[in-house]
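This report refers to the structure that appears directly beneath it.
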Amino acid sequence: MGPTLPQRHKRPLPGSSLIGASGLCRTHVRPSVCLVDFQSTLFAPADPCADPSVDTSDARAHAALAPERTVLGAGAWIDVQRDWLAGADEAFEAMVGQVPWRAERRQMYDRIVDVPRLVHTYMLGEPLPHPGLEEARDALSAHYRPELGEPFVSAGCCYYRDGKDSVAWHGDTIGRGKSADTMVAIVSLGDPRKLALRPRGGGDSVGVTLGHGDLVVMGGSCQRTWEHAIPKVASAGPRISVQFRPLNVF
Ligand SMILES: O=C(O)CCC(=O)C(=O)O
Ligand SMILES: [Fe+2]
């Protein structure tokens with residue numbers, strides 16, 4: 001049996017803790033660049049017709065895909081949809097136990113160093129470790145096809161074991177992302193971590209904290225005109241990121 005999901009991965013009850021003492025939403029790293037107003041959905045009144053004895057949280061199919069777009073500039077944008085992945089707890093547990101995680105090492109000046117996270121990529125046609133992830137990829141392909149013109153085919157997976165695991169500033173520019181507009185869709189599982197974004201060549205960074213089941217899509221010129229990173233933090237539990245990409249985008 002795989003590890004169980006720590007209770008802290010569960011979303012707080014509406015109204016419980018996401019607004020800090022300052023009155024600012026903690027999801028937004030810098031209040032001046034609030035990217036996404038999701039309080040309206042988080043704190044939406046309960047459906048008066050809903051049967052309170054029925055827990056639909058993990059039984060439901062994916063919520064309708066209706067992400068909120070934020071234009072970053074220079075042709076780049078991000079779409080965000082909170083709590084989108086159905087069965088996120090099961091998907092997290094399946095991935096911890098079944099993905100053939102490997103540590104990466106890379107040259108840094110004259111040394112070989114560990115890349116601080118575990119990785120594995122499922123290529124075109126390879127089955128994913130949880131059916132919810134295949135449904136997610138197919139739903140993303142259908143939703144974005146008019147704009148993207150092609151499906152998402154690969155699933156890059158990253159396992160951040162704790163707050164010391166991270167990924168440095170980069171764009172996904174191996175392959176077509178270097179010269180053409182494209183999309184990278186990320187489903188986040190486990191503990192919340194900040195996805196930071198900054199324009200290449202200087203400018204203020206912005207950030208969006210990705211929680212359990214959240215979706216973010218980086219689109220347009222984002223991979224070549226902006227960079228992104230998952231910064232280290234003092235303390236965090238495990239997080240898994242699943243990045244869906246079109247053919248020949250890495
Ligand atoms: O962990 C994430 O959500 C981002 C990972 C990423 O940017 C990458 O692997 O290229
Ligand atoms: Fe990336």
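Order determines the names: the first chain of the structure tokens is A, the second B, and so forth; residues in each chain are numbered 1 upward, and ligands are numbered 1 upward as they are shown.
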For this session: Throw together the list of residues within 6 Å of ligand 1, counting only C-alpha atoms and all ligand atoms, and drop it here as a count of residues only.
Result: 3
For this session: Any chance you could list, as an MDAnalysis selection string, the residues in segment 82-240 of chain A that come up strand (DSSP E or B) when DSSP is run on the backbone?
Result: chainID A and resid 102:108 111:122 154:160 167:170 175 184:190 193:199 206:210 215:220 226:230 239:240
Exercise. Could you write out, as a list in words, all the residues of segment 101-177 of chain A that DSSP marks as helix (DSSP H, G or I)?
Worked result: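 Result set for segment 101-177 of chain A (helix (DSSP H, G or I)): Pro131, Gly132, Leu133, Glu134, Glu135, Ala136, Arg137, Asp138, Ala139, Leu140, Ser141, Ala142, His143, Tyr144, Arg145, Pro146, Glu147, Leu148, Arg176 and Gly177 of chain A.
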Write the residues of the preceding selection, restricted to C-alpha atoms, as a PDB file, in the first residue's frame.
```pdb
ATOM      1  CA  PRO A 131      -6.721   7.080 -15.123  1.00  0.00           C
ATOM      2  CA  GLY A 132      -7.584  10.557 -13.840  1.00  0.00           C
ATOM      3  CA  LEU A 133      -4.360  11.840 -15.370  1.00  0.00           C
ATOM      4  CA  GLU A 134      -5.230  10.410 -18.788  1.00  0.00           C
ATOM      5  CA  GLU A 135      -8.678  11.987 -18.529  1.00  0.00           C
ATOM      6  CA  ALA A 136      -7.045  15.266 -17.561  1.00  0.00           C
ATOM      7  CA  ARG A 137      -4.676  15.158 -20.551  1.00  0.00           C
ATOM      8  CA  ASP A 138      -7.562  14.385 -22.919  1.00  0.00           C
ATOM      9  CA  ALA A 139      -9.755  17.128 -21.451  1.00  0.00           C
ATOM     10  CA  LEU A 140      -6.896  19.612 -21.820  1.00  0.00           C
ATOM     11  CA  SER A 141      -6.293  18.510 -25.415  1.00  0.00           C
ATOM     12  CA  ALA A 142      -9.981  18.987 -26.279  1.00  0.00           C
ATOM     13  CA  HIS A 143     -10.264  22.358 -24.543  1.00  0.00           C
ATOM     14  CA  TYR A 144      -7.091  23.900 -25.985  1.00  0.00           C
ATOM     15  CA  ARG A 145      -7.131  22.320 -29.446  1.00  0.00           C
ATOM     16  CA  PRO A 146      -8.692  25.367 -31.204  1.00  0.00           C
ATOM     17  CA  GLU A 147      -5.918  27.571 -29.827  1.00  0.00           C
ATOM     18  CA  LEU A 148      -3.028  25.096 -29.724  1.00  0.00           C
ATOM     19  CA  ARG A 176       9.773  23.988 -30.358  1.00  0.00           C
ATOM     20  CA  GLY A 177       9.289  26.101 -27.237  1.00  0.00           C
TER      21      GLY A 177
END
```
Where does chain A meet ligand 2 within 8 Å, residue by residue, with the nearest atom pair and distance in Å to one decimal for each, counting only C-alpha atoms and all ligand atoms, listed by chain and rising number, as CSV?
```
residue,atom,partner,partner_atom_place_in_ligand_line,distance
A:His170,CA,ligand 2,1 (Fe),6.3
A:Gly171,CA,ligand 2,1 (Fe),5.6
A:Asp172,CA,ligand 2,1 (Fe),4.9
A:Gln223,CA,ligand 2,1 (Fe),8.0
A:His228,CA,ligand 2,1 (Fe),6.3
A:Ala229,CA,ligand 2,1 (Fe),7.1
A:Phe250,CA,ligand 2,1 (Fe),8.0
```
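Using only C-alpha atoms for every distance, the candidate list A:Arg161, A:Ser205, A:Gly87, A:Met183 yields A:Met183 as the residue closest to Gln243 of chain A.
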